[in-house]
file model_24.pdb (PDB, C-alpha atoms)
ATOM      1  CA  GLN A  23       0.809  -2.179   7.065  1.00  0.00           C
ATOM      2  CA  VAL A  24      -0.869  -0.625   4.047  1.00  0.00           C
ATOM      3  CA  GLN A  25      -2.940  -3.135   2.154  1.00  0.00           C
ATOM      4  CA  LEU A  26      -5.498  -3.098  -0.661  1.00  0.00           C
ATOM      5  CA  VAL A  27      -7.503  -6.239  -1.283  1.00  0.00           C
ATOM      6  CA  GLU A  28      -9.636  -6.756  -4.363  1.00  0.00           C
ATOM      7  CA  SER A  29     -12.511  -9.214  -4.498  1.00  0.00           C
ATOM      8  CA  GLY A  30     -15.525 -10.017  -6.633  1.00  0.00           C
ATOM      9  CA  GLY A  31     -13.918 -11.285  -9.797  1.00  0.00           C
ATOM     10  CA  GLY A  32     -14.982 -14.457 -11.540  1.00  0.00           C
ATOM     11  CA  LEU A  33     -16.346 -16.010 -14.692  1.00  0.00           C
ATOM     12  CA  VAL A  34     -19.373 -14.372 -16.273  1.00  0.00           C
ATOM     13  CA  GLN A  35     -21.179 -14.684 -19.579  1.00  0.00           C
ATOM     14  CA  PRO A  36     -21.198 -11.823 -22.084  1.00  0.00           C
ATOM     15  CA  GLY A  37     -23.764  -9.259 -21.061  1.00  0.00           C
ATOM     16  CA  GLY A  38     -23.463 -10.231 -17.421  1.00  0.00           C
ATOM     17  CA  SER A  39     -22.467  -8.209 -14.386  1.00  0.00           C
ATOM     18  CA  LEU A  40     -19.918  -8.302 -11.607  1.00  0.00           C
ATOM     19  CA  ARG A  41     -19.197  -6.021  -8.679  1.00  0.00           C
ATOM     20  CA  LEU A  42     -15.589  -5.653  -7.654  1.00  0.00           C
ATOM     21  CA  SER A  43     -14.575  -4.431  -4.211  1.00  0.00           C
ATOM     22  CA  CYS A  44     -11.358  -2.812  -3.076  1.00  0.00           C
ATOM     23  CA  ALA A  45     -10.927  -2.813   0.687  1.00  0.00           C
ATOM     24  CA  ALA A  46      -8.157  -0.800   2.279  1.00  0.00           C
ATOM     25  CA  SER A  47      -6.483  -1.436   5.594  1.00  0.00           C
ATOM     26  CA  GLY A  48      -3.559   0.118   7.388  1.00  0.00           C
ATOM     27  CA  PHE A  49      -4.415   3.631   6.322  1.00  0.00           C
ATOM     28  CA  ILE A  50      -7.395   5.948   6.035  1.00  0.00           C
ATOM     29  CA  LEU A  51      -8.510   6.604   2.492  1.00  0.00           C
ATOM     30  CA  ASP A  52     -10.063  10.025   3.110  1.00  0.00           C
ATOM     31  CA  ASP A  53      -7.233  11.908   1.365  1.00  0.00           C
ATOM     32  CA  TYR A  54      -6.778   9.389  -1.399  1.00  0.00           C
ATOM     33  CA  ALA A  55      -8.329   8.386  -4.660  1.00  0.00           C
ATOM     34  CA  ILE A  56      -8.853   4.782  -5.619  1.00  0.00           C
ATOM     35  CA  GLY A  57      -8.319   3.813  -9.210  1.00  0.00           C
ATOM     36  CA  TRP A  58      -9.333   0.632 -10.962  1.00  0.00           C
ATOM     37  CA  PHE A  59      -6.983  -0.699 -13.600  1.00  0.00           C
ATOM     38  CA  ARG A  60      -6.943  -3.805 -15.688  1.00  0.00           C
ATOM     39  CA  GLN A  61      -4.298  -5.800 -17.464  1.00  0.00           C
ATOM     40  CA  ALA A  62      -4.853  -8.449 -20.087  1.00  0.00           C
ATOM     41  CA  PRO A  63      -2.067 -10.864 -21.075  1.00  0.00           C
ATOM     42  CA  GLY A  64       0.482  -9.155 -23.282  1.00  0.00           C
ATOM     43  CA  ARG A  65      -1.012  -5.719 -22.742  1.00  0.00           C
ATOM     44  CA  GLU A  66      -0.197  -2.704 -20.637  1.00  0.00           C
ATOM     45  CA  ARG A  67      -2.083  -2.048 -17.417  1.00  0.00           C
ATOM     46  CA  GLU A  68      -4.756   0.515 -18.243  1.00  0.00           C
ATOM     47  CA  GLY A  69      -6.773   2.775 -16.017  1.00  0.00           C
ATOM     48  CA  ILE A  70     -10.530   2.410 -16.310  1.00  0.00           C
ATOM     49  CA  SER A  71     -12.081   4.340 -13.436  1.00  0.00           C
ATOM     50  CA  ALA A  72     -11.222   6.245 -10.301  1.00  0.00           C
ATOM     51  CA  ILE A  73     -12.929   8.036  -7.438  1.00  0.00           C
ATOM     52  CA  SER A  74     -11.705  10.559  -4.920  1.00  0.00           C
ATOM     53  CA  MET A  75     -12.495   9.518  -1.373  1.00  0.00           C
ATOM     54  CA  ALA A  76     -12.187  13.186  -0.387  1.00  0.00           C
ATOM     55  CA  ASP A  77     -14.787  14.754  -2.648  1.00  0.00           C
ATOM     56  CA  GLY A  78     -16.273  12.033  -4.852  1.00  0.00           C
ATOM     57  CA  THR A  79     -14.740  13.243  -8.100  1.00  0.00           C
ATOM     58  CA  THR A  80     -14.809  10.408 -10.616  1.00  0.00           C
ATOM     59  CA  TYR A  81     -13.014   9.413 -13.769  1.00  0.00           C
ATOM     60  CA  TYR A  82     -14.124   6.898 -16.390  1.00  0.00           C
ATOM     61  CA  ALA A  83     -12.318   5.736 -19.470  1.00  0.00           C
ATOM     62  CA  ASP A  84     -14.452   6.190 -22.575  1.00  0.00           C
ATOM     63  CA  PHE A  85     -14.711   2.475 -23.204  1.00  0.00           C
ATOM     64  CA  VAL A  86     -16.473   1.849 -19.867  1.00  0.00           C
ATOM     65  CA  LYS A  87     -18.735   4.883 -19.710  1.00  0.00           C
ATOM     66  CA  GLY A  88     -22.334   3.812 -19.399  1.00  0.00           C
ATOM     67  CA  ARG A  89     -21.379   0.264 -18.397  1.00  0.00           C
ATOM     68  CA  PHE A  90     -19.234   0.611 -15.258  1.00  0.00           C
ATOM     69  CA  THR A  91     -20.023   2.602 -12.119  1.00  0.00           C
ATOM     70  CA  ILE A  92     -17.569   3.389  -9.360  1.00  0.00           C
ATOM     71  CA  SER A  93     -18.718   4.145  -5.814  1.00  0.00           C
ATOM     72  CA  ARG A  94     -17.235   4.561  -2.385  1.00  0.00           C
ATOM     73  CA  ASP A  95     -18.008   3.796   1.244  1.00  0.00           C
ATOM     74  CA  ASN A  96     -15.698   5.890   3.376  1.00  0.00           C
ATOM     75  CA  ALA A  97     -16.951   4.295   6.590  1.00  0.00           C
ATOM     76  CA  LYS A  98     -15.876   0.890   5.302  1.00  0.00           C
ATOM     77  CA  ASN A  99     -12.699   2.187   3.622  1.00  0.00           C
ATOM     78  CA  THR A 100     -13.937   0.429   0.500  1.00  0.00           C
ATOM     79  CA  VAL A 101     -14.496   1.258  -3.157  1.00  0.00           C
ATOM     80  CA  TYR A 102     -16.713  -0.686  -5.532  1.00  0.00           C
ATOM     81  CA  LEU A 103     -16.771  -1.094  -9.288  1.00  0.00           C
ATOM     82  CA  GLN A 104     -20.104  -2.223 -10.664  1.00  0.00           C
ATOM     83  CA  MET A 105     -19.560  -3.683 -14.108  1.00  0.00           C
ATOM     84  CA  ASN A 106     -22.558  -4.260 -16.330  1.00  0.00           C
ATOM     85  CA  GLY A 107     -22.806  -5.315 -19.953  1.00  0.00           C
ATOM     86  CA  LEU A 108     -19.539  -7.187 -19.763  1.00  0.00           C
ATOM     87  CA  LYS A 109     -17.842  -8.130 -22.999  1.00  0.00           C
ATOM     88  CA  PRO A 110     -15.155 -10.702 -23.797  1.00  0.00           C
ATOM     89  CA  GLY A 111     -12.783  -7.773 -24.289  1.00  0.00           C
ATOM     90  CA  ASP A 112     -13.199  -6.929 -20.599  1.00  0.00           C
ATOM     91  CA  THR A 113     -11.389 -10.139 -19.665  1.00  0.00           C
ATOM     92  CA  ALA A 114      -8.352  -9.175 -17.605  1.00  0.00           C
ATOM     93  CA  SER A 115      -6.859  -9.046 -14.160  1.00  0.00           C
ATOM     94  CA  TYR A 116      -8.351  -6.086 -12.341  1.00  0.00           C
ATOM     95  CA  TYR A 117      -6.315  -4.108  -9.839  1.00  0.00           C
ATOM     96  CA  CYS A 118      -7.113  -1.256  -7.510  1.00  0.00           C
ATOM     97  CA  GLY A 119      -4.576   1.346  -6.573  1.00  0.00           C
ATOM     98  CA  ALA A 120      -4.509   4.262  -4.133  1.00  0.00           C
ATOM     99  CA  GLY A 121      -2.812   7.609  -4.502  1.00  0.00           C
ATOM    100  CA  PRO A 122      -3.162  11.209  -3.310  1.00  0.00           C
ATOM    101  CA  HIS A 123      -6.616  12.121  -4.502  1.00  0.00           C
ATOM    102  CA  ARG A 124      -5.929  15.107  -6.764  1.00  0.00           C
ATOM    103  CA  LEU A 125      -2.825  13.581  -8.324  1.00  0.00           C
ATOM    104  CA  ALA A 126      -4.332  10.144  -8.828  1.00  0.00           C
ATOM    105  CA  ILE A 127      -7.419  11.532 -10.550  1.00  0.00           C
ATOM    106  CA  ALA A 128      -5.436  14.009 -12.650  1.00  0.00           C
ATOM    107  CA  THR A 129      -3.068  11.349 -13.956  1.00  0.00           C
ATOM    108  CA  MET A 130      -5.720   8.812 -14.929  1.00  0.00           C
ATOM    109  CA  PRO A 131      -5.653   6.651 -16.969  1.00  0.00           C
ATOM    110  CA  GLY A 132      -1.955   6.526 -16.149  1.00  0.00           C
ATOM    111  CA  ARG A 133      -0.392   4.887 -13.137  1.00  0.00           C
ATOM    112  CA  SER A 134       2.013   7.598 -12.008  1.00  0.00           C
ATOM    113  CA  GLY A 135      -0.354   8.917  -9.347  1.00  0.00           C
ATOM    114  CA  ILE A 136      -0.733   5.546  -7.640  1.00  0.00           C
ATOM    115  CA  ASP A 137       1.332   4.736  -4.560  1.00  0.00           C
ATOM    116  CA  TYR A 138      -0.230   1.470  -3.420  1.00  0.00           C
ATOM    117  CA  TRP A 139      -1.526  -1.522  -5.336  1.00  0.00           C
ATOM    118  CA  GLY A 140      -3.638  -4.534  -4.592  1.00  0.00           C
ATOM    119  CA  GLN A 141      -2.862  -8.042  -5.816  1.00  0.00           C
ATOM    120  CA  GLY A 142      -5.643  -8.148  -8.376  1.00  0.00           C
ATOM    121  CA  THR A 143      -8.720 -10.203  -9.123  1.00  0.00           C
ATOM    122  CA  GLN A 144      -9.403 -12.075 -12.337  1.00  0.00           C
ATOM    123  CA  VAL A 145     -12.421 -11.265 -14.486  1.00  0.00           C
ATOM    124  CA  THR A 146     -13.217 -13.637 -17.333  1.00  0.00           C
ATOM    125  CA  VAL A 147     -16.072 -12.925 -19.725  1.00  0.00           C
ATOM    126  CA  SER A 148     -16.859 -15.951 -21.810  1.00  0.00           C
ATOM    127  CA  SER A 149     -19.762 -18.068 -22.948  1.00  0.00           C
TER     128      SER A 149
END

call {"tool": "encode", "arguments": {"input": "model_24.pdb", "output": "structure tokens"}}
result
Amino acid sequence: QVQLVESGGGLVQPGGSLRLSCAASGFILDDYAIGWFRQAPGREREGISAISMADGTTYYADFVKGRFTISRDNAKNTVYLQMNGLKPGDTASYYCGAGPHRLAIATMPGRSGIDYWGQGTQVTVSS
């Protein structure tokens, strides 16, 4: 059974940091890319970062460049999103998704290249 599980969300003060994890089971990620998306209440789900497990190609949305870093551990079938300098506007549910690596990267920040989704983890940035 294919499964993606996000973890690492929580409540953090503005300027703080969190590291999200996306662990995959039921399939090998080597031919996939993992994308991180977020969705705030009343807003569309938006792509923020992605990494190819095959060759390490990355994508970052402009609004996270310099603050967020995506990384991978193929041996653990896991992708991480290090989020620094968090702002109240980063408050959202964060989801990871997996898709064929070239298609998923090429279609970011859209969702059309994603075949599998996790259940999400909540990130709240507030003082």

call {"tool": "closest_residue", "arguments": {"input": "model_24.pdb", "among": "A:Met130, A:Ala62, A:Ile92, A:Ala97", "to": "A:Ser47", "atoms": "all atoms listed in the file"}}
result
A:Ala97

call {"tool": "closest_atom_pairs", "arguments": {"input": "model_24.pdb", "of": "stretch 49-83 of chain A", "to": "stretch 105-120 of chain A", "cutoff": "6 Å", "atoms": "all atoms listed in the file", "output": "Markdown table"}}
result
| residue | atom | partner | partner_atom | distance |
| --- | --- | --- | --- | --- |
| A:Ala55 | CA | A:Ala120 | CA | 5.6 |
| A:Ile56 | CA | A:Ala120 | CA | 4.6 |
| A:Gly57 | CA | A:Gly119 | CA | 5.2 |
| A:Trp58 | CA | A:Cys118 | CA | 4.5 |
| A:Phe59 | CA | A:Tyr117 | CA | 5.1 |
| A:Arg60 | CA | A:Tyr116 | CA | 4.3 |
| A:Gln61 | CA | A:Ala114 | CA | 5.3 |
| A:Ala62 | CA | A:Ala114 | CA | 4.4 |

call {"tool": "closest_residue", "arguments": {"input": "model_24.pdb", "among": "A:His123, A:Gly30, A:Thr129, A:Leu42", "to": "A:Ser93", "atoms": "all atoms listed in the file"}}
result
A:Leu42

call {"tool": "resolve_selection", "arguments": {"input": "model_24.pdb", "expression": "the PyMOL selection byres ((chain A and resi 50) around 10)", "output": "compact mmCIF listing (two decimals) with C-alpha atoms, in the coordinates of the input"}}
result
# COMPACT_ATOMS: atom_id res chain seq x y z
CA VAL A 24 -0.87 -0.62 4.05
CA ALA A 46 -8.16 -0.80 2.28
CA SER A 47 -6.48 -1.44 5.59
CA GLY A 48 -3.56 0.12 7.39
CA PHE A 49 -4.42 3.63 6.32
CA LEU A 51 -8.51 6.60 2.49
CA ASP A 52 -10.06 10.02 3.11
CA ASP A 53 -7.23 11.91 1.36
CA TYR A 54 -6.78 9.39 -1.40
CA MET A 75 -12.50 9.52 -1.37
CA ASN A 96 -15.70 5.89 3.38
CA ALA A 97 -16.95 4.30 6.59
CA LYS A 98 -15.88 0.89 5.30
CA ASN A 99 -12.70 2.19 3.62

call {"tool": "atom_distance", "arguments": {"input": "model_24.pdb", "atom1": "atom CA of A:Leu26", "atom2": "atom CA of A:Thr146"}}
result
21.2 Å

call {"tool": "closest_residue", "arguments": {"input": "model_24.pdb", "among": "A:Pro36, A:Gly121, A:Gly88, A:Gln23", "to": "A:Arg133", "atoms": "all atoms listed in the file"}}
result
A:Gly121

call {"tool": "closest_residue", "arguments": {"input": "model_24.pdb", "among": "A:Ile73, A:Val34, A:Cys44, A:Val27", "to": "A:Arg124", "atoms": "all atoms listed in the file"}}
result
A:Ile73

call {"tool": "atom_distance", "arguments": {"input": "model_24.pdb", "atom1": "atom CA of A:Ser134", "atom2": "atom CA of A:Ser71"}}
result
14.5 Å

call {"tool": "resolve_selection", "arguments": {"input": "model_24.pdb", "expression": "the PyMOL selection byres ((chain A and resi 104) around 6)", "output": "compact mmCIF listing (two decimals) with C-alpha atoms, in the coordinates of the input"}}
result
# COMPACT_ATOMS: atom_id res chain seq x y z
CA ARG A 41 -19.20 -6.02 -8.68
CA PHE A 90 -19.23 0.61 -15.26
CA THR A 91 -20.02 2.60 -12.12
CA LEU A 103 -16.77 -1.09 -9.29
CA MET A 105 -19.56 -3.68 -14.11

call {"tool": "closest_residue", "arguments": {"input": "model_24.pdb", "among": "A:Leu33, A:Gly135, A:Gly38, A:Arg94", "to": "A:Ser74", "atoms": "all atoms listed in the file"}}
result
A:Arg94

call {"tool": "atom_distance", "arguments": {"input": "model_24.pdb", "atom1": "atom CA of A:Thr100", "atom2": "atom CA of A:Ser29"}}
result
11.0 Å

call {"tool": "closest_residue", "arguments": {"input": "model_24.pdb", "among": "A:Asp95, A:Val86, A:Ala126, A:Leu40", "to": "A:Ala72", "atoms": "all atoms listed in the file"}}
result
A:Ala126

call {"tool": "resolve_selection", "arguments": {"input": "model_24.pdb", "expression": "the PyMOL selection byres ((chain A and resi 83) around 8)", "output": "VMD selection string"}}
result
chain A and resid 69 to 71 81 to 82 84 to 87 131
